[in-house]
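Student: This is the structure I have questions about; it appears just below.
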Amino acid sequence: MQTWSVQGVETQTRAESWSPAIPQEAVDAAKLLSCWVLCVVPAVLSTSHQYTWSLLIFVAPLGLTSHALYRRGTLATLWKPLTLALSLLVPMGAVLTVGLADDFFVYPTTSATLGVTIPAFDLTGVDHAFQIPIEELAFYVLGFASLLLLYAWADEVLVPRPRALGRRLDVSLPEFLVALAGGVSLCVAGWAVQRVANPTATAPGYWMYLMLVPLPVMVAYGPAVAHRINWSALVLVCLALWGHSILWEVTLAIPQGWWGYQRASMLGLEVAAWHRLPLEAVLVWLMTPLATIITYETLRARLAFVSRRSP
């Protein structure tokens, strides 16, 4: 009996030594992927409030990544740059939604939302005839938050890399003005393209917004912060957003009328295979992750520099 017991212990020890240990990072990644797949199911199967249900695609992964950072003990140190980045990025989306929605977008399927709306308004006043679903504001808040937390999680946990955090990032006013001038030049080029591709339109407003708001920030601050960006983590963020966009906007939102685009404010260049999706929408997919991470890393670097200089 004693010999059998010793052999059993040896056999068990050998089996344990051969059993592969699954890293927590792999478990978190599997949970995240499963969450993305499962969270789209309610929006696909429901017959009403599909836009509302679709926001789960942001909410659930946001909870997973924030919990993973909290468990690791790094969420507290990243909280300030994350919230500051959100405080800059969300107003950009809010301006697009509330101030320009009546010029750029349409929301034909009212049953896809909860029915809670706010009127559009801009410099000319409040447009009570054009109502914006509250889901649009939630989309920008949750969307930017989920991208930031996904990048922070990938940067800290999945594909971490060491880098200096105390170097100050200086972007001079002339550099920013040059970037802004480039945006203005692209606005003129967009207007010329619209005269050919969409001659009945008035002005390429959506294109001009992208060229004058996010693009100068990317062009001015991108080179200064490039050495700090975790490019592997950024690739993950890009793949996640592009997958979301193809599944969510092209497959669900546009065909079902959760929202659409006012052709008069677009360049007139469209992706026919994607339900005539305007080129500007695809450009947003490309610019959003870059603008988000450049903003976050710029603020993070400045906060780290100030912290090191503080007595």
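Residues are referred to by chain and number: the chain letter is A, B, ... according to the order shown in the structure tokens, the number counts from 1 in that chain, and ligands are numbered separately from 1 in the order shown.
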For the structure I just gave you, how does DSSP split segment 31-203 of chain A - specifically, which residues are strand (DSSP E)? Reply as an MDAnalysis selection string.
Tutor: chainID A and resid 105:106 117:122 125:133
Student: Which neighbours of segment 34-41 of chain A fall inside 9 Å, counting only C-alpha atoms, when residues of the same chain fewer than 5 positions from it are skipped, and could you give them as a PyMOL selection string?
Tutor: chain A and resi 29+46+53-61+64+244+247-248
Student: Write a file of the selected residues as a tab-separated table (two decimals), in the first residue's frame, keeping C-alpha atoms.
Tutor:
```
chain	number	residue	atom	x	y	z
A	29	ALA	CA	-8.56	37.91	-23.96
A	46	SER	CA	-34.64	41.80	-30.95
A	53	TRP	CA	-29.28	46.80	-27.24
A	54	SER	CA	-26.27	47.26	-29.50
A	55	LEU	CA	-24.60	49.51	-26.93
A	56	LEU	CA	-23.84	46.35	-24.95
A	57	ILE	CA	-21.00	45.86	-27.43
A	58	PHE	CA	-19.27	48.72	-25.59
A	59	VAL	CA	-20.58	48.30	-22.06
A	60	ALA	CA	-19.60	44.69	-21.36
A	61	PRO	CA	-16.02	44.84	-22.73
A	64	LEU	CA	-14.02	43.49	-18.39
A	244	HIS	CA	-17.19	46.54	-34.67
A	247	LEU	CA	-20.46	44.24	-38.04
A	248	TRP	CA	-22.37	47.05	-36.38
```
Student: A:Val90, A:Ala181, A:Ala43, A:Leu96: which is nearest Thr295 of chain A, counting only C-alpha atoms?
Tutor: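 For Thr295 of chain A, the nearest of the candidates is A:Val90.
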Student: Return as number ranges by chain the full set of residues in segment 97-173 of chain A whose backbone-based DSSP assignment is helix (DSSP H, G or I).
Tutor: A: 97-99, 101-104, 110-112, 134-158, 173
Student: Just the number, please: distance in Å from atom CA of Gln262 of chain A to atom CA of Asp102 of chain A, one decimal.
Tutor: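 Computing the Euclidean distance for atom CA of Gln262 of chain A and atom CA of Asp102 of chain A yields 8.8 Å.
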Student: For Leu212 of chain A, work out the shell of residues within 10 Å, counting only C-alpha atoms and skipping chain neighbours fewer than 5 positions away, then give it as a list in words.
Tutor: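 Using only C-alpha atoms, the neighbours found are Ala179, Leu180, Ala181, Gly182, Gly183, Val184, Ser185, Leu186, Cys187, Trp207 and Val217 of chain A.
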